[in-house]
file target-v8.cif (mmCIF, C-alpha atoms and all ligand atoms)
data_my_file
#
loop_
_atom_site.label_atom_id
_atom_site.label_comp_id
_atom_site.auth_asym_id
_atom_site.auth_seq_id
_atom_site.Cartn_x
_atom_site.Cartn_y
_atom_site.Cartn_z
CA MET A 150 0.00 0.00 0.00
CA GLY A 151 1.37 3.46 -0.89
CA PHE A 152 2.19 6.05 1.75
CA LEU A 153 -0.93 8.17 1.25
CA LEU A 154 -3.28 5.18 1.17
CA LYS A 155 -1.67 3.79 4.33
CA SER A 156 -2.08 7.17 6.05
CA LEU A 157 -5.72 7.33 4.99
CA TYR A 158 -6.30 3.74 6.15
CA GLY A 159 -4.84 4.61 9.58
CA GLN A 160 -6.98 7.73 9.77
CA LEU A 161 -10.20 5.92 8.89
CA PHE A 162 -9.84 2.44 10.33
CA VAL A 163 -7.30 2.45 13.19
CA THR A 164 -8.13 3.60 16.71
CA PRO A 165 -4.92 3.94 18.72
CA PRO A 166 -5.21 1.97 21.98
CA VAL A 167 -5.72 3.74 25.31
CA PRO A 168 -2.22 4.04 26.88
CA THR A 169 -1.58 1.74 29.84
CA HIS A 170 2.18 2.20 30.34
CA ASP A 171 3.22 2.89 33.94
CA PHE A 172 5.24 6.14 34.23
CA SER A 173 5.89 5.70 37.97
CA GLY A 174 9.03 7.48 39.12
CA GLN A 175 9.63 9.07 35.70
CA THR A 176 10.05 12.74 34.88
CA VAL A 177 8.32 13.64 31.61
CA ILE A 178 8.50 16.99 29.80
CA ILE A 179 5.93 17.97 27.19
CA ILE A 180 6.44 21.08 25.07
CA GLY A 181 3.17 22.69 23.95
CA ALA A 182 1.20 21.08 26.78
CA ASN A 183 -1.45 23.72 27.49
CA ILE A 184 -3.90 22.74 24.76
CA GLY A 185 -4.58 20.22 22.01
CA LEU A 186 -2.69 16.95 21.65
CA GLY A 187 0.01 18.00 24.13
CA LEU A 188 -2.55 18.67 26.88
CA GLU A 189 -4.34 15.36 26.31
CA ALA A 190 -1.04 13.45 26.26
CA ALA A 191 -0.12 15.19 29.53
CA ARG A 192 -3.45 14.12 31.02
CA HIS A 193 -2.82 10.46 30.08
CA ILE A 194 0.68 10.56 31.54
CA ALA A 195 -0.58 12.19 34.75
CA ARG A 196 -3.20 9.41 35.02
CA LEU A 197 -0.47 6.80 34.51
CA ASN A 198 1.37 7.62 37.78
CA VAL A 199 4.09 9.91 36.39
CA GLY A 200 6.68 10.93 38.99
CA HIS A 201 6.93 14.51 37.75
CA LEU A 202 5.33 16.20 34.76
CA VAL A 203 6.68 19.42 33.27
CA LEU A 204 4.34 21.43 31.07
CA GLY A 205 6.50 23.49 28.71
CA VAL A 206 4.33 26.40 27.56
CA ARG A 207 4.85 29.88 26.14
CA THR A 208 2.23 31.63 28.31
CA ALA A 209 2.33 31.14 32.09
CA SER A 210 -1.42 31.69 32.64
CA LYS A 211 -2.33 29.10 29.97
CA GLY A 212 0.09 26.66 31.61
CA GLU A 213 -1.45 27.20 35.06
CA THR A 214 -4.95 26.68 33.64
CA ALA A 215 -3.80 23.43 32.02
CA LYS A 216 -2.16 22.32 35.27
CA LYS A 217 -5.39 22.91 37.25
CA ASP A 218 -7.35 21.00 34.61
CA ILE A 219 -4.92 18.03 34.72
CA VAL A 220 -4.87 17.97 38.53
CA SER A 221 -8.66 18.12 38.81
CA THR A 222 -9.33 15.46 36.16
CA THR A 223 -6.64 12.94 37.15
CA GLY A 224 -6.18 13.47 40.87
CA ILE A 225 -2.41 13.85 40.46
CA ASN A 226 -0.74 15.69 43.33
CA GLU A 227 -0.27 19.32 42.25
CA GLN A 228 3.35 19.25 43.50
CA SER A 229 4.01 16.66 40.78
CA VAL A 230 3.17 19.04 37.93
CA SER A 231 5.32 22.06 37.04
CA VAL A 232 4.76 24.79 34.49
CA ARG A 233 7.88 26.16 32.81
CA ILE A 234 8.08 28.80 30.10
CA VAL A 235 9.49 28.11 26.66
CA ASP A 236 8.89 29.86 23.36
CA LEU A 237 10.28 27.64 20.61
CA SER A 238 10.37 30.58 18.20
CA SER A 239 13.02 32.32 20.32
CA ASN A 240 16.53 30.89 20.66
CA LYS A 241 16.98 32.89 23.87
CA SER A 242 13.86 31.39 25.42
CA VAL A 243 14.79 27.83 24.38
CA ILE A 244 18.28 28.18 25.87
CA ALA A 245 16.84 29.63 29.11
CA PHE A 246 14.32 26.77 29.35
CA ALA A 247 17.04 24.12 28.86
CA ASN A 248 19.15 25.82 31.55
CA THR A 249 16.17 25.85 33.95
CA ILE A 250 15.47 22.15 33.41
CA GLN A 251 19.14 21.22 33.83
CA ALA A 252 19.31 23.19 37.07
CA GLU A 253 16.07 21.74 38.51
CA PHE A 254 16.05 18.10 37.43
CA LYS A 255 18.82 15.55 37.80
CA SER A 256 16.98 13.18 35.53
CA VAL A 257 14.50 13.38 32.62
CA ASP A 258 13.03 10.14 31.29
CA ALA A 259 11.05 11.48 28.35
CA LEU A 260 10.97 14.70 26.35
CA LEU A 261 8.07 15.20 23.95
CA LEU A 262 8.70 17.95 21.38
CA ASN A 263 5.08 18.51 20.45
CA ALA A 264 4.68 22.26 19.85
CA SER A 265 4.35 23.44 16.25
CA ILE A 266 2.42 26.08 14.38
CA LEU A 267 0.70 26.06 11.01
CA PRO A 268 2.02 29.30 9.47
CA PHE A 269 -0.52 30.79 7.06
CA GLU A 270 1.04 34.21 6.49
CA PHE A 271 4.70 35.19 6.36
CA ALA A 272 6.06 36.58 9.64
CA THR A 273 9.52 36.62 11.20
CA THR A 274 10.83 36.19 14.74
CA GLU A 275 13.14 38.33 16.88
CA ASP A 276 15.95 36.16 15.45
CA GLY A 277 14.90 37.22 11.92
CA VAL A 278 13.66 33.78 10.87
CA GLU A 279 10.33 32.86 9.31
CA LEU A 280 8.06 31.87 12.22
CA GLY A 281 7.15 28.34 11.05
CA VAL A 282 10.75 27.34 10.38
CA ALA A 283 11.87 29.00 13.63
CA THR A 284 9.27 27.18 15.77
CA ASN A 285 8.84 23.80 14.09
CA VAL A 286 12.44 23.25 13.02
CA ILE A 287 15.10 25.48 14.59
CA GLY A 288 13.57 25.80 18.09
CA THR A 289 12.59 22.14 18.15
CA PHE A 290 16.08 20.87 17.31
CA LEU A 291 17.86 23.52 19.36
CA LEU A 292 16.00 22.19 22.39
CA ALA A 293 16.65 18.56 21.41
CA LEU A 294 20.40 19.15 21.20
CA LEU A 295 20.53 21.22 24.39
CA MET A 296 18.78 18.42 26.28
CA LEU A 297 20.81 15.48 24.94
CA PRO A 298 23.49 15.50 27.68
CA LEU A 299 20.85 15.44 30.44
CA LEU A 300 18.91 12.73 28.61
CA ARG A 301 22.05 10.59 28.33
CA SER A 302 22.97 11.05 32.00
CA SER A 303 19.35 10.22 32.95
CA SER A 304 19.66 6.97 31.03
CA ALA A 305 22.86 6.16 32.93
CA LEU A 306 20.98 6.74 36.21
CA SER A 307 17.96 4.60 35.30
CA GLY A 308 19.94 1.96 33.39
CA LYS A 309 17.41 2.20 30.52
CA PRO A 310 17.13 4.30 27.36
CA VAL A 311 15.08 7.48 27.74
CA HIS A 312 12.80 8.88 25.04
CA LEU A 313 13.05 11.94 22.81
CA SER A 314 9.98 12.11 20.55
CA ILE A 315 9.04 14.70 17.96
CA VAL A 316 5.44 15.20 16.87
CA ALA A 317 5.70 15.29 13.08
CA SER A 318 2.85 14.62 10.65
CA GLU A 319 1.78 12.60 7.62
CA VAL A 320 1.76 15.91 5.69
CA HIS A 321 5.54 15.51 5.38
CA GLY A 322 4.51 13.41 2.40
CA PHE A 323 2.51 16.24 0.78
CA THR A 324 5.65 18.09 -0.35
CA THR A 325 9.12 17.48 -1.72
CA LEU A 326 10.49 20.79 -0.40
CA PRO A 327 10.52 23.10 -3.47
CA GLU A 328 13.16 25.30 -1.77
CA LYS A 329 15.74 22.51 -2.29
CA LYS A 330 16.42 24.00 -5.74
CA HIS A 331 18.15 26.94 -4.04
CA PRO A 332 21.80 26.71 -2.96
CA HIS A 333 20.92 27.36 0.72
CA ILE A 334 17.55 25.95 1.80
CA PHE A 335 17.14 27.86 5.09
CA THR A 336 17.94 31.16 3.31
CA ALA A 337 15.37 30.40 0.61
CA LEU A 338 12.76 29.67 3.31
CA ASN A 339 13.30 33.19 4.65
CA ALA A 340 12.28 34.89 1.40
CA LYS A 341 9.14 36.92 2.11
CA ASP A 342 7.78 36.58 -1.43
CA SER A 343 8.18 32.79 -1.62
CA PRO A 344 5.59 31.51 -4.12
CA ASP A 345 5.47 28.28 -2.17
CA PHE A 346 4.36 29.63 1.20
CA ALA A 347 1.05 27.69 1.14
CA ASP A 348 3.23 24.59 1.41
CA ARG A 349 5.15 25.86 4.46
CA TYR A 350 3.60 23.72 7.20
CA ASN A 351 4.16 20.57 5.10
CA VAL A 352 7.73 21.69 4.43
CA THR A 353 8.50 22.17 8.12
CA LYS A 354 7.07 18.72 8.91
CA LEU A 355 9.22 17.16 6.14
CA MET A 356 12.24 19.00 7.56
CA GLN A 357 11.48 17.55 11.01
CA VAL A 358 11.41 14.03 9.58
CA LEU A 359 14.62 14.42 7.55
CA ILE A 360 16.58 16.16 10.31
CA ALA A 361 15.41 13.72 12.99
CA ARG A 362 16.54 10.80 10.80
CA GLU A 363 19.96 12.38 10.34
CA LEU A 364 20.34 13.24 14.04
CA ALA A 365 19.28 9.72 15.08
CA LYS A 366 22.30 8.28 13.24
CA SER A 367 24.59 9.94 15.81
CA VAL A 368 22.49 9.23 18.91
CA ASP A 369 23.08 5.97 20.79
CA SER A 370 19.70 4.24 21.06
CA ASP A 371 20.91 2.31 24.14
CA LYS A 372 20.75 5.71 25.85
CA VAL A 373 18.25 7.87 23.97
CA ILE A 374 15.48 6.55 21.70
CA LEU A 375 14.74 9.30 19.17
CA ASN A 376 11.57 8.79 17.16
CA PHE A 377 9.00 10.96 15.36
CA LEU A 378 5.32 10.38 14.95
CA ASN A 379 2.16 11.15 13.07
CA PRO A 380 -0.98 11.63 15.21
CA SER A 381 -3.14 11.81 12.02
CA LEU A 382 -5.70 14.55 11.44
CA CYS A 383 -7.19 15.48 14.83
CA HIS A 384 -9.41 18.13 16.37
CA SER A 385 -7.23 20.85 17.90
CA ASN A 386 -6.34 24.53 17.63
CA LEU A 387 -3.63 23.95 15.02
CA THR A 388 -5.59 25.03 11.95
CA SER A 389 -7.08 28.16 13.56
CA THR A 390 -4.51 30.22 11.61
CA THR A 391 -6.02 29.23 8.25
CA LYS A 392 -8.48 31.48 6.43
CA GLY A 393 -10.95 31.39 3.54
CA PHE A 394 -11.19 28.34 1.30
CA ALA A 395 -8.19 26.63 2.95
CA SER A 396 -9.95 26.89 6.29
CA PHE A 397 -13.19 25.52 4.84
CA ILE A 398 -11.40 22.48 3.35
CA VAL A 399 -9.39 21.62 6.46
CA GLU A 400 -12.33 22.11 8.84
CA SER A 401 -14.55 19.93 6.62
CA PHE A 402 -11.99 17.11 6.62
CA LYS A 403 -11.57 17.40 10.38
CA TYR A 404 -15.34 17.26 10.86
CA LEU A 405 -15.68 14.22 8.59
CA ILE A 406 -12.66 12.10 9.54
CA GLY A 407 -10.69 13.82 12.33
CA ARG A 408 -9.70 11.90 15.44
CA SER A 409 -10.76 13.45 18.72
CA THR A 410 -7.91 15.27 20.48
CA GLU A 411 -7.80 12.60 23.19
CA VAL A 412 -7.64 9.71 20.70
CA GLY A 413 -4.91 11.47 18.69
CA SER A 414 -2.92 12.12 21.87
CA ARG A 415 -2.59 8.37 22.48
CA THR A 416 -0.06 8.25 19.63
CA LEU A 417 2.12 10.82 21.46
CA VAL A 418 2.13 8.76 24.65
CA HIS A 419 2.88 5.61 22.65
CA ALA A 420 6.01 7.18 21.10
CA LEU A 421 7.37 7.73 24.64
CA THR A 422 6.98 4.06 25.52
CA ILE A 423 8.00 2.09 22.41
CA GLY A 424 11.41 0.40 22.33
CA LYS A 425 14.64 0.74 20.36
CA GLU A 426 13.00 -0.53 17.17
CA SER A 427 11.53 2.97 16.83
CA HIS A 428 14.90 4.76 16.93
CA GLY A 429 15.22 7.04 13.90
CA GLN A 430 11.82 5.82 12.71
CA TYR A 431 8.45 7.28 11.76
CA LEU A 432 5.49 6.11 13.82
CA SER A 433 1.94 6.27 12.54
CA SER A 434 -1.14 4.86 14.30
CA CYS A 435 1.25 3.53 16.98
CA LYS A 436 3.34 1.45 14.56
CA VAL A 437 6.72 1.90 12.93
CA GLU A 438 5.90 2.76 9.30
CA GLU A 439 7.90 3.82 6.26
CA PRO A 440 7.96 7.60 5.84
CA ALA A 441 6.95 9.21 2.53
CA PRO A 442 8.72 8.01 -0.66
CA PHE A 443 10.70 11.27 -1.04
CA VAL A 444 12.32 10.69 2.37
CA LEU A 445 13.54 7.25 1.25
CA SER A 446 14.70 8.41 -2.21
CA ALA A 447 18.29 9.20 -3.22
CA GLU A 448 17.31 12.86 -3.57
CA GLY A 449 15.74 12.77 -0.11
CA ALA A 450 19.01 11.46 1.32
CA THR A 451 20.92 14.35 -0.28
CA VAL A 452 18.42 16.92 1.00
CA GLN A 453 18.53 15.31 4.47
CA LYS A 454 22.31 15.79 4.63
CA ARG A 455 22.11 19.36 3.28
CA LEU A 456 19.46 20.29 5.85
CA TRP A 457 21.52 18.80 8.65
CA ASP A 458 24.67 20.68 7.58
CA GLU A 459 22.79 23.98 7.29
CA LEU A 460 20.96 23.50 10.59
CA SER A 461 24.21 22.55 12.36
CA GLU A 462 25.68 25.92 11.41
CA ILE A 463 22.55 27.75 12.59
CA LEU A 464 22.54 25.91 15.92
CA GLU A 465 26.27 26.48 16.43
CA ARG A 466 25.69 30.21 15.93
CA ALA A 467 22.81 30.12 18.44
CA ARG A 468 24.82 28.19 21.02
CA PRO A 469 28.55 27.76 20.23
CA GLY A 470 29.74 24.20 20.98
CA ILE A 471 26.25 22.69 20.85
CA LEU A 472 27.19 20.01 18.32
CA SER A 473 29.46 18.41 20.91
CA ASN A 474 26.27 17.59 22.87
CA ILE A 475 25.32 14.97 20.31
CA ALA A 476 27.71 12.10 21.01
N1 LIG B 1 -4.06 18.37 14.95
C1 LIG B 1 -3.70 17.67 13.88
O1 LIG B 1 -4.52 17.32 13.02
C2 LIG B 1 -2.26 17.28 13.70
C3 LIG B 1 -1.94 16.37 12.69
C4 LIG B 1 -0.62 16.01 12.51
C5 LIG B 1 0.34 16.55 13.34
N2 LIG B 1 0.01 17.44 14.31
C6 LIG B 1 1.07 17.98 15.17
O2 LIG B 1 0.69 17.80 16.52
C7 LIG B 1 1.37 18.75 17.32
C8 LIG B 1 0.41 19.39 18.29
O3 LIG B 1 -0.51 20.15 17.56
P1 LIG B 1 -2.03 20.36 17.98
O4 LIG B 1 -2.82 19.81 16.86
O5 LIG B 1 -2.28 19.89 19.34
O6 LIG B 1 -2.10 21.95 17.88
P2 LIG B 1 -2.54 23.07 18.92
O7 LIG B 1 -3.85 22.73 19.53
O8 LIG B 1 -2.41 24.34 18.14
O9 LIG B 1 -1.41 23.01 20.04
C9 LIG B 1 -0.11 23.44 19.76
C10 LIG B 1 0.64 23.68 21.05
O10 LIG B 1 1.93 24.20 20.71
C11 LIG B 1 2.13 25.41 21.43
N3 LIG B 1 3.01 26.32 20.72
C12 LIG B 1 2.82 26.92 19.52
N4 LIG B 1 3.85 27.72 19.23
C13 LIG B 1 4.72 27.61 20.27
C14 LIG B 1 5.95 28.21 20.57
N5 LIG B 1 6.53 29.09 19.76
N6 LIG B 1 6.59 27.88 21.72
C15 LIG B 1 6.02 27.00 22.57
N7 LIG B 1 4.83 26.41 22.36
C16 LIG B 1 4.18 26.72 21.22
C17 LIG B 1 0.74 25.98 21.59
O11 LIG B 1 0.73 26.97 22.61
P3 LIG B 1 -0.32 28.21 22.57
O12 LIG B 1 -1.60 27.70 23.13
O13 LIG B 1 0.35 29.24 23.41
O14 LIG B 1 -0.45 28.63 21.14
C18 LIG B 1 -0.02 24.71 21.95
O15 LIG B 1 0.22 24.37 23.29
C19 LIG B 1 2.03 19.71 16.35
O16 LIG B 1 3.39 19.37 16.20
C20 LIG B 1 1.29 19.46 15.05
O17 LIG B 1 2.07 19.79 13.92
C21 LIG B 1 -1.28 17.82 14.52
#
call {"tool": "encode", "arguments": {"input": "target-v8.cif", "output": "structure tokens", "more": "lines below"}}
Ligand SMILES: NC(=O)c1ccc[n+]([C@@H]2O[C@H](COP(=O)([O-])OP(=O)(O)OC[C@H]3O[C@@H](n4cnc5c(N)ncnc54)[C@H](OP(=O)(O)O)[C@@H]3O)[C@@H](O)[C@H]2O)c1
result
Amino acid sequence: MGFLLKSLYGQLFVTPPVPTHDFSGQTVIIIGANIGLGLEAARHIARLNVGHLVLGVRTASKGETAKKDIVSTTGINEQSVSVRIVDLSSNKSVIAFANTIQAEFKSVDALLLNASILPFEFATTEDGVELGVATNVIGTFLLALLMLPLLRSSSALSGKPVHLSIVASEVHGFTTLPEKKHPHIFTALNAKDSPDFADRYNVTKLMQVLIARELAKSVDSDKVILNFLNPSLCHSNLTSTTKGFASFIVESFKYLIGRSTEVGSRTLVHALTIGKESHGQYLSSCKVEEPAPFVLSAEGATVQKRLWDELSEILERARPGILSNIA
């Protein structure tokens, strides 16, 4: 079955199982945990006896509201849930968040990089980067790399691999990254008049898949299991940025075939519990699946390496020496 048919089959006919994993004694961090799939994944993990849950959010009040909601619906002790601020679109904020976590926690058993945006109009960040690329790609991997040393030392403490999971999407298969025709892909993605901007969310999700695959090659899966997953089309706030006909189409599809937020969130929890067979792999409907054909093609391999090289330079500029965190 082709990639798109398989994705559609999962969407229509597979209901991810209710998570039953026991998170006792574990510290779990979820980025983008105040709403949507991140909030529902946090609720499952709170219900499943987590030792400590960190809600990584960009607005303190939204984080506190989510914490109250999780405490009241699961009965988890409120001391076991912390709200910490992180804005993935700001390098400064991501670095400050990583420093806070390293200072407060001697061990982290799972980090779920869930936050993303669906950019509908061109906008740039304080770092001068297009917002979608900044949030979904640069901020996401900046945080991943900053956290790797703590994740490795946590694995040494527990004697088991810990999890680093990225919430990607099946829409990585809806594009082949038109900006690859330019000599520098990240520079091309910063062009305000890009004719391909309607494709931007898909592009950032493809970039997540390619970069995560490349990073996974250098990460020891006996210590850190790095995987990326597709929750399928779900009800959430994600598409609230869309307007006009695009909004009509996406809302109609969600209404007709979308998973509920809670059901979709089960796939996020699953990624944090699956074993080494998921390292460097794409998960869909709670199974390791092949990613889109472009990812597996010779051209995809070349683009994967180019993206990694370009991103490495960007991350080194943001935090000199960061690449030495990888091994
Ligand atoms: N829903 C779907 O159909 C679907 C399908 C495939 C993949 N996904 C992926 O699933 C993940 C979760 O999305 P969702 O559907 O749950 O969307 P959502 O309801 O919009 O939730 C996104 C979360 O990310 C946070 N966030 C956004 N920008 C951020 C930033 N710069 N820094 C920190 N946090 C930020 C949001 O915080 P605020 O509340 O402050 O905005 C919110 O907590 C995303 O990676 C998305 O691409 C979703």
call {"tool": "closest_residue", "arguments": {"input": "target-v8.cif", "among": "A:Lys329, A:Lys436, A:Lys354, A:Arg349", "to": "ligand LIG 1 (chain B)", "atoms": "all atoms listed in the file"}}
result
A:Lys354
call {"tool": "axis_aligned_box", "arguments": {"input": "target-v8.cif", "around": "ligand LIG 1 (chain B)", "padding_each_side": "5 Å", "output": "JSON"}}
result
{"center_x": 1.0, "center_y": 22.6, "center_z": 18.0, "size_x": 21.1, "size_y": 23.2, "size_z": 20.9}
call {"tool": "closest_residue", "arguments": {"input": "target-v8.cif", "among": "A:Ile406, A:Leu382, A:Val203, A:Ile360", "to": "ligand LIG 1 (chain B)", "atoms": "only C-alpha atoms and all ligand atoms"}}
result
A:Leu382
call {"tool": "atom_distance", "arguments": {"input": "target-v8.cif", "atom1": "atom CA of Gly308 of chain A", "atom2": "atom CA of Asp371 of chain A"}}
result
9.3 Å
call {"tool": "residues_near_point", "arguments": {"input": "target-v8.cif", "point": "(9.2, 13.0, 26.0)", "cutoff": "7 Å", "atoms": "all atoms listed in the file", "output": "tab-separated table (two decimals) with C-alpha atoms, in the frame of the given file"}}
result
chain	number	residue	atom	x	y	z
A	177	VAL	CA	8.32	13.64	31.61
A	178	ILE	CA	8.50	16.99	29.80
A	179	ILE	CA	5.93	17.97	27.19
A	259	ALA	CA	11.05	11.48	28.35
A	260	LEU	CA	10.97	14.70	26.35
A	261	LEU	CA	8.07	15.20	23.95
A	262	LEU	CA	8.70	17.95	21.38
A	312	HIS	CA	12.80	8.88	25.04
A	313	LEU	CA	13.05	11.94	22.81
A	314	SER	CA	9.98	12.11	20.55
A	421	LEU	CA	7.37	7.73	24.64
call {"tool": "residues_near_ligand", "arguments": {"input": "target-v8.cif", "ligand": "ligand LIG 1 (chain B)", "cutoff": "6 Å", "atoms": "only C-alpha atoms and all ligand atoms", "output": "ChimeraX atom specification"}}
result
/A:181-187,206-208,235-238,263-266,284,316-318,379-387
call {"tool": "atom_distance", "arguments": {"input": "target-v8.cif", "atom1": "atom CA of Val257 of chain A", "atom2": "atom CA of Thr176 of chain A"}}
result
5.0 Å
call {"tool": "atom_distance", "arguments": {"input": "target-v8.cif", "atom1": "atom CA of Gly212 of chain A", "atom2": "atom CA of Leu297 of chain A"}}
result
24.5 Å
call {"tool": "build_atoms", "arguments": {"input": "target-v8.cif", "residues": "segment 450-475 of chain A", "atoms": "N, CA and C atoms", "output": "tab-separated table (two decimals), keeping the file's coordinate frame"}}
result
chain	number	residue	atom	x	y	z
A	450	ALA	N	17.80	11.66	0.50
A	450	ALA	CA	19.01	11.46	1.32
A	450	ALA	C	19.94	12.66	1.19
A	451	THR	N	20.06	13.19	-0.06
A	451	THR	CA	20.92	14.35	-0.28
A	451	THR	C	20.36	15.57	0.45
A	452	VAL	N	19.05	15.76	0.34
A	452	VAL	CA	18.42	16.92	1.00
A	452	VAL	C	18.55	16.78	2.52
A	453	GLN	N	18.40	15.56	3.02
A	453	GLN	CA	18.53	15.31	4.47
A	453	GLN	C	19.90	15.78	4.97
A	454	LYS	N	20.94	15.43	4.23
A	454	LYS	CA	22.31	15.79	4.63
A	454	LYS	C	22.51	17.31	4.53
A	455	ARG	N	21.97	17.90	3.44
A	455	ARG	CA	22.11	19.36	3.28
A	455	ARG	C	21.42	20.08	4.42
A	456	LEU	N	20.21	19.64	4.76
A	456	LEU	CA	19.46	20.29	5.85
A	456	LEU	C	20.23	20.18	7.16
A	457	TRP	N	20.79	19.00	7.39
A	457	TRP	CA	21.52	18.80	8.65
A	457	TRP	C	22.74	19.74	8.71
A	458	ASP	N	23.47	19.83	7.60
A	458	ASP	CA	24.67	20.68	7.58
A	458	ASP	C	24.28	22.14	7.80
A	459	GLU	N	23.22	22.58	7.13
A	459	GLU	CA	22.79	23.98	7.29
A	459	GLU	C	22.30	24.24	8.72
A	460	LEU	N	21.50	23.31	9.24
A	460	LEU	CA	20.96	23.50	10.59
A	460	LEU	C	22.09	23.48	11.62
A	461	SER	N	23.07	22.62	11.41
A	461	SER	CA	24.21	22.55	12.36
A	461	SER	C	24.87	23.91	12.49
A	462	GLU	N	25.06	24.58	11.36
A	462	GLU	CA	25.68	25.92	11.41
A	462	GLU	C	24.80	26.91	12.16
A	463	ILE	N	23.49	26.84	11.91
A	463	ILE	CA	22.55	27.75	12.59
A	463	ILE	C	22.57	27.50	14.10
A	464	LEU	N	22.57	26.24	14.48
A	464	LEU	CA	22.54	25.91	15.92
A	464	LEU	C	23.86	26.27	16.59
A	465	GLU	N	24.97	26.09	15.87
A	465	GLU	CA	26.27	26.48	16.43
A	465	GLU	C	26.34	27.99	16.66
A	466	ARG	N	25.71	28.75	15.75
A	466	ARG	CA	25.69	30.21	15.93
A	466	ARG	C	24.83	30.57	17.15
A	467	ALA	N	23.71	29.83	17.32
A	467	ALA	CA	22.81	30.12	18.44
A	467	ALA	C	23.46	29.75	19.77
A	468	ARG	N	24.20	28.66	19.78
A	468	ARG	CA	24.82	28.19	21.02
A	468	ARG	C	26.16	27.53	20.66
A	469	PRO	N	27.26	28.32	20.63
A	469	PRO	CA	28.55	27.76	20.23
A	469	PRO	C	28.89	26.49	21.04
A	470	GLY	N	29.34	25.47	20.33
A	470	GLY	CA	29.74	24.20	20.98
A	470	GLY	C	28.60	23.20	21.08
A	471	ILE	N	27.41	23.58	20.64
A	471	ILE	CA	26.25	22.69	20.85
A	471	ILE	C	26.39	21.34	20.17
A	472	LEU	N	27.11	21.28	19.04
A	472	LEU	CA	27.19	20.01	18.32
A	472	LEU	C	27.91	18.94	19.13
A	473	SER	N	28.75	19.40	20.08
A	473	SER	CA	29.46	18.41	20.91
A	473	SER	C	28.50	17.75	21.90
A	474	ASN	N	27.27	18.24	22.01
A	474	ASN	CA	26.27	17.59	22.87
A	474	ASN	C	25.78	16.27	22.28
A	475	ILE	N	26.01	16.08	20.98
A	475	ILE	CA	25.32	14.97	20.31
A	475	ILE	C	25.85	13.60	20.74
